[in-house]
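my_file.txt follows; it contains compact mmCIF, C-alpha atoms.
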```
# COMPACT_ATOMS: atom_id res chain seq x y z
CA MET A 1373 -44.55 -0.37 -5.11
CA VAL A 1374 -42.16 1.80 -3.09
CA PHE A 1375 -39.07 -0.13 -4.18
CA SER A 1376 -39.59 0.80 -7.83
CA ARG A 1377 -38.71 4.42 -7.01
CA TYR A 1378 -35.32 3.29 -5.72
CA ARG A 1379 -34.55 0.79 -8.45
CA PRO A 1380 -32.49 3.27 -10.53
CA LEU A 1381 -30.46 4.27 -7.48
CA VAL A 1382 -29.83 0.62 -6.55
CA ALA A 1383 -28.80 -0.11 -10.15
CA LYS A 1384 -26.32 2.78 -10.07
CA ILE A 1385 -24.86 1.52 -6.79
CA ASP A 1386 -24.50 -2.01 -8.21
CA GLU A 1387 -22.79 -0.57 -11.31
CA ARG A 1388 -20.42 1.49 -9.20
CA ILE A 1389 -19.56 -1.49 -6.99
CA GLY A 1390 -18.98 -3.58 -10.11
CA LYS A 1391 -16.63 -1.00 -11.63
CA ASN A 1392 -14.69 -0.82 -8.37
CA VAL A 1393 -14.41 -4.61 -8.17
CA ALA A 1394 -13.00 -4.59 -11.71
CA ARG A 1395 -10.59 -1.78 -10.84
CA TYR A 1396 -9.30 -3.48 -7.70
CA ARG A 1397 -9.08 -6.80 -9.54
CA GLY A 1398 -6.51 -5.11 -11.77
CA ASP A 1399 -4.55 -7.61 -13.89
CA MET A 1400 -6.08 -10.64 -12.18
CA SER A 1401 -8.43 -12.43 -14.57
CA GLN A 1402 -12.10 -12.85 -13.79
CA ARG A 1403 -11.52 -16.60 -13.83
CA GLU A 1404 -8.69 -16.31 -11.25
CA LEU A 1405 -10.86 -14.20 -8.95
CA ALA A 1406 -13.72 -16.69 -9.26
CA ASN A 1407 -11.30 -19.54 -8.41
CA ARG A 1408 -10.11 -17.69 -5.30
CA VAL A 1409 -13.68 -17.03 -4.19
CA ARG A 1410 -14.57 -20.71 -4.79
CA ASP A 1411 -11.71 -21.67 -2.44
CA PHE A 1412 -13.86 -20.08 0.29
CA GLY A 1413 -16.90 -22.21 -0.59
CA LEU A 1414 -18.88 -19.82 -2.78
CA LYS A 1415 -20.12 -21.06 -6.15
CA TRP A 1416 -18.64 -18.38 -8.38
CA THR A 1417 -17.53 -18.63 -12.00
CA HIS A 1418 -15.91 -16.06 -14.22
CA LEU A 1419 -19.45 -15.28 -15.42
CA THR A 1420 -20.43 -14.38 -11.85
CA VAL A 1421 -17.53 -11.94 -11.69
CA ALA A 1422 -18.44 -10.47 -15.09
CA SER A 1423 -22.08 -10.06 -14.04
CA ILE A 1424 -21.10 -8.28 -10.82
CA GLU A 1425 -18.64 -6.03 -12.66
CA ARG A 1426 -21.35 -5.01 -15.13
CA GLY A 1427 -23.71 -4.21 -12.24
CA GLU A 1428 -26.16 -6.90 -13.36
CA ARG A 1429 -25.77 -9.02 -10.23
CA PRO A 1430 -25.73 -7.38 -6.80
CA LEU A 1431 -22.80 -8.17 -4.54
CA ARG A 1432 -23.92 -9.73 -1.26
CA ALA A 1433 -22.58 -8.28 1.99
CA SER A 1434 -20.73 -11.52 2.85
CA GLU A 1435 -19.19 -11.57 -0.63
CA SER A 1436 -18.06 -7.96 -0.30
CA VAL A 1437 -16.18 -8.81 2.91
CA LEU A 1438 -14.41 -11.67 1.13
CA LEU A 1439 -13.59 -9.54 -1.92
CA MET A 1440 -12.21 -6.80 0.30
CA GLN A 1441 -9.75 -9.35 1.70
CA LEU A 1442 -8.87 -10.96 -1.63
CA LEU A 1443 -8.48 -7.71 -3.56
CA LYS A 1444 -7.04 -5.66 -0.69
CA ILE A 1445 -9.90 -3.18 -0.81
CA PRO A 1446 -9.27 -0.89 2.19
CA ASN A 1447 -12.89 -0.48 3.32
CA PHE A 1448 -16.49 -0.78 2.21
CA GLU A 1449 -16.54 2.89 1.26
CA ALA A 1450 -13.99 2.11 -1.45
CA LEU A 1451 -16.49 -0.26 -3.06
CA LEU A 1452 -19.07 2.55 -3.21
CA SER A 1453 -16.76 5.38 -4.25
CA SER A 1454 -16.84 7.03 -7.62
CA GLU A 1455 -14.05 6.26 -10.06
CA GLY A 1456 -12.23 9.52 -9.29
CA SER A 1457 -12.53 9.02 -5.54
CA THR A 1458 -11.31 5.44 -5.87
CA ARG A 1459 -8.26 6.49 -7.90
CA LEU A 1460 -7.51 9.27 -5.43
CA ARG A 1461 -7.87 6.86 -2.46
CA MET A 1462 -5.56 4.34 -4.15
CA LEU A 1463 -2.96 7.04 -4.76
CA ILE A 1464 -3.24 8.31 -1.18
CA ASP A 1465 -2.87 4.77 0.18
CA ARG A 1466 0.14 4.11 -2.06
CA ALA A 1467 1.78 7.39 -1.05
CA ALA A 1468 1.15 6.65 2.64
CA ALA A 1469 2.72 3.19 2.28
CA ASN A 1470 5.70 4.68 0.42
CA LEU A 1471 6.10 7.33 3.10
CA GLU A 1472 6.07 4.68 5.83
CA ARG A 1473 8.70 2.63 3.94
CA THR A 1474 10.77 5.80 3.51
CA ARG A 1475 10.57 6.50 7.23
CA ALA A 1476 11.64 2.93 8.03
CA ASP A 1477 14.51 3.14 5.54
CA PHE A 1478 15.53 6.50 6.98
CA TRP A 1479 15.74 5.08 10.50
CA SER A 1480 17.73 2.13 9.18
CA VAL A 1481 20.21 4.53 7.55
CA MET A 1482 20.48 6.55 10.76
CA LYS A 1483 21.18 3.37 12.76
CA ASP A 1484 23.88 2.34 10.27
CA LYS A 1485 25.40 5.83 10.45
CA ARG A 1486 25.53 5.68 14.26
CA ASP A 1487 27.07 2.21 14.14
CA LEU A 1488 29.72 3.39 11.67
CA GLU A 1489 30.54 6.46 13.74
CA ARG A 1490 30.70 4.38 16.92
CA GLU A 1491 33.04 1.86 15.26
CA PHE A 1492 35.25 4.63 13.88
CA ARG A 1493 35.48 6.32 17.32
CA LYS A 1494 36.40 2.95 18.81
CA LEU A 1495 39.18 2.53 16.24
CA GLU A 1496 40.39 6.07 16.98
CA ALA A 1497 40.44 5.35 20.72
CA GLU A 1498 42.44 2.18 20.10
CA GLY A 1499 44.84 4.10 17.83
CA ASP A 1500 43.94 1.96 14.80
CA SER A 1501 42.31 4.70 12.69
CA ASP A 1502 45.67 5.75 11.17
CA SER A 1503 46.02 2.35 9.52
CA LEU A 1504 42.69 2.56 7.70
CA ASP A 1505 42.67 2.61 3.91
CA PRO A 1506 42.28 6.27 2.74
CA ASP A 1507 39.50 5.21 0.34
CA LEU A 1508 37.59 3.84 3.32
CA LEU A 1509 37.92 7.15 5.15
CA VAL A 1510 36.67 9.05 2.08
CA ALA A 1511 33.73 6.64 1.75
CA LEU A 1512 32.89 7.12 5.45
CA SER A 1513 33.10 10.90 5.11
CA ASN A 1514 30.89 10.89 2.00
CA LEU A 1515 28.36 8.62 3.64
CA THR A 1516 28.23 10.78 6.76
CA GLU A 1517 27.76 13.92 4.66
CA ARG A 1518 24.95 12.33 2.61
CA ALA A 1519 23.28 11.01 5.77
CA ASN A 1520 23.40 14.51 7.27
CA GLU A 1521 21.81 15.92 4.10
CA LEU A 1522 19.13 13.26 4.34
CA THR A 1523 18.52 14.15 7.97
CA LYS A 1524 17.91 17.78 7.02
CA ALA A 1525 15.63 16.77 4.16
CA MET A 1526 13.64 14.43 6.41
CA GLU A 1527 12.96 17.02 9.12
CA GLY A 1528 9.22 17.26 9.51
CA VAL A 1529 8.67 13.99 7.65
CA VAL A 1530 9.90 11.48 10.20
CA GLY A 1531 7.19 12.38 12.66
CA ALA A 1532 6.52 14.66 15.54
CA GLY A 1533 8.44 13.81 18.67
CA GLU A 1534 10.96 11.60 16.91
CA GLU A 1535 14.51 12.72 17.30
CA VAL A 1536 16.76 12.37 14.27
```
Translate the structure of the given file into structure tokens.
Amino acid sequence: MVFSRYRPLVAKIDERIGKNVARYRGDMSQRELANRVRDFGLKWTHLTVASIERGERPLRASESVLLMQLLKIPNFEALLSSEGSTRLRMLIDRAAANLERTRADFWSVMKDKRDLEREFRKLEAEGDSDSLDPDLLVALSNLTERANELTKAMEGVVGAGEEV
């Protein structure tokens, strides 16, 4: 039979998928994952999860789509990847998410800086800046200086075409 030649390869793929399911499951128990899958109408138990993770039971295509949603697996390739590739992909994804949060935080800081400068100029124009608490002026100066340092550090990170 032709399939018998491919049986070892299929077994290795099932084992790899199982290891990746376990890795993406993380701290969630096998029982919890089975409960979540059952909420979608599949008849899973913690033994089903254990069998898949050991590579003893193949994961059906429809089940893989559901697990990708439940476990936040980025794509089908991640289910097939080797352990090293999976760890590297997870680190890349985490770094990309952190970078995006950093960019968003940076733009929030820049907006706050502009608002502060605009308010201070308004107070100056109205002649009210002389009555400001000296500690407030020092805090504004320090914040402006740190924001400028951040701007220099973020050059090239915020994105092409975006003006700081």
- Query: Any idea what the distance is between atom CA of Asp1465 of chain A and atom CA of Leu1452 of chain A?
  - Reply: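 So the two atoms, atom CA of Asp1465 of chain A and atom CA of Leu1452 of chain A, lie 16.7 Å apart.
For the atom pair formed by atom CA of Gly1390 of chain A and atom CA of Arg1426 of chain A, the distance is 5.7 Å, given to one decimal.
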Met1440 of chain A proximity check over A:Arg1397, A:His1418, A:Arg1459, A:Arg1410, using all atoms listed in the file: winner is A:Arg1397
Report task. Show which residues sit within 10 Å of segment 1483-1493 of chain A, as a PyMOL selection string. Count all atoms listed in the file, and ignore same-chain residues fewer than 3 positions away. Result -> chain A and resi 1477-1480+1496-1501+1504+1509+1512+1515-1516+1519-1520
Taking 3 positions as the minimum chain separation for residues in the same chain, which residues sit within 12 Å of Lys1384 of chain A when counting all atoms listed in the file? Answer as a PyMOL selection string. chain A and resi 1378-1381+1387-1391+1425-1430+1452-1454
Axis-aligned box over every listed atom of segment 1400-1408 of chain A, padded by 6 Å per side: centre and edges in Å to one decimal, as lines of an AutoDock Vina configuration file?
```
center_x = -9.9
center_y = -15.1
center_z = -9.9
size_x = 19.6
size_y = 20.9
size_z = 21.3
```
Taking N, CA and C atoms as the atom set, what does segment 1502-1519 of chain A look like once completed, written as a PDB file, keeping the file's coordinate frame?
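Final file, part.pdb:
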```pdb
ATOM      1  N   ASP A1502      44.626   5.309  12.097  1.00  0.00           N
ATOM      2  CA  ASP A1502      45.670   5.750  11.170  1.00  0.00           C
ATOM      3  C   ASP A1502      45.986   4.684  10.126  1.00  0.00           C
ATOM      4  N   SER A1503      45.696   3.430  10.445  1.00  0.00           N
ATOM      5  CA  SER A1503      46.020   2.350   9.520  1.00  0.00           C
ATOM      6  C   SER A1503      44.898   2.057   8.529  1.00  0.00           C
ATOM      7  N   LEU A1504      43.810   2.807   8.610  1.00  0.00           N
ATOM      8  CA  LEU A1504      42.690   2.560   7.700  1.00  0.00           C
ATOM      9  C   LEU A1504      43.025   3.016   6.285  1.00  0.00           C
ATOM     10  N   ASP A1505      42.514   2.295   5.336  1.00  0.00           N
ATOM     11  CA  ASP A1505      42.670   2.610   3.910  1.00  0.00           C
ATOM     12  C   ASP A1505      42.066   3.998   3.671  1.00  0.00           C
ATOM     13  N   PRO A1506      42.791   4.917   3.008  1.00  0.00           N
ATOM     14  CA  PRO A1506      42.280   6.270   2.740  1.00  0.00           C
ATOM     15  C   PRO A1506      40.940   6.263   1.981  1.00  0.00           C
ATOM     16  N   ASP A1507      40.767   5.293   1.080  1.00  0.00           N
ATOM     17  CA  ASP A1507      39.500   5.210   0.340  1.00  0.00           C
ATOM     18  C   ASP A1507      38.341   4.923   1.284  1.00  0.00           C
ATOM     19  N   LEU A1508      38.608   4.151   2.325  1.00  0.00           N
ATOM     20  CA  LEU A1508      37.590   3.840   3.320  1.00  0.00           C
ATOM     21  C   LEU A1508      37.194   5.089   4.109  1.00  0.00           C
ATOM     22  N   LEU A1509      38.194   5.903   4.437  1.00  0.00           N
ATOM     23  CA  LEU A1509      37.920   7.150   5.150  1.00  0.00           C
ATOM     24  C   LEU A1509      37.099   8.118   4.292  1.00  0.00           C
ATOM     25  N   VAL A1510      37.433   8.190   2.996  1.00  0.00           N
ATOM     26  CA  VAL A1510      36.670   9.050   2.080  1.00  0.00           C
ATOM     27  C   VAL A1510      35.237   8.538   1.967  1.00  0.00           C
ATOM     28  N   ALA A1511      35.068   7.226   1.849  1.00  0.00           N
ATOM     29  CA  ALA A1511      33.730   6.640   1.750  1.00  0.00           C
ATOM     30  C   ALA A1511      32.925   6.938   3.026  1.00  0.00           C
ATOM     31  N   LEU A1512      33.561   6.824   4.182  1.00  0.00           N
ATOM     32  CA  LEU A1512      32.890   7.120   5.450  1.00  0.00           C
ATOM     33  C   LEU A1512      32.495   8.589   5.515  1.00  0.00           C
ATOM     34  N   SER A1513      33.392   9.467   5.106  1.00  0.00           N
ATOM     35  CA  SER A1513      33.100  10.900   5.110  1.00  0.00           C
ATOM     36  C   SER A1513      31.936  11.230   4.174  1.00  0.00           C
ATOM     37  N   ASN A1514      31.965  10.653   2.970  1.00  0.00           N
ATOM     38  CA  ASN A1514      30.890  10.890   2.000  1.00  0.00           C
ATOM     39  C   ASN A1514      29.547  10.375   2.519  1.00  0.00           C
ATOM     40  N   LEU A1515      29.576   9.188   3.106  1.00  0.00           N
ATOM     41  CA  LEU A1515      28.360   8.620   3.640  1.00  0.00           C
ATOM     42  C   LEU A1515      27.798   9.481   4.768  1.00  0.00           C
ATOM     43  N   THR A1516      28.650   9.929   5.650  1.00  0.00           N
ATOM     44  CA  THR A1516      28.230  10.780   6.760  1.00  0.00           C
ATOM     45  C   THR A1516      27.630  12.076   6.235  1.00  0.00           C
ATOM     46  N   GLU A1517      28.269  12.666   5.239  1.00  0.00           N
ATOM     47  CA  GLU A1517      27.760  13.920   4.660  1.00  0.00           C
ATOM     48  C   GLU A1517      26.392  13.699   4.018  1.00  0.00           C
ATOM     49  N   ARG A1518      26.238  12.615   3.254  1.00  0.00           N
ATOM     50  CA  ARG A1518      24.950  12.330   2.610  1.00  0.00           C
ATOM     51  C   ARG A1518      23.878  12.011   3.647  1.00  0.00           C
ATOM     52  N   ALA A1519      24.247  11.317   4.711  1.00  0.00           N
ATOM     53  CA  ALA A1519      23.280  11.010   5.770  1.00  0.00           C
ATOM     54  C   ALA A1519      22.838  12.296   6.467  1.00  0.00           C
TER      55      ALA A1519
END
```
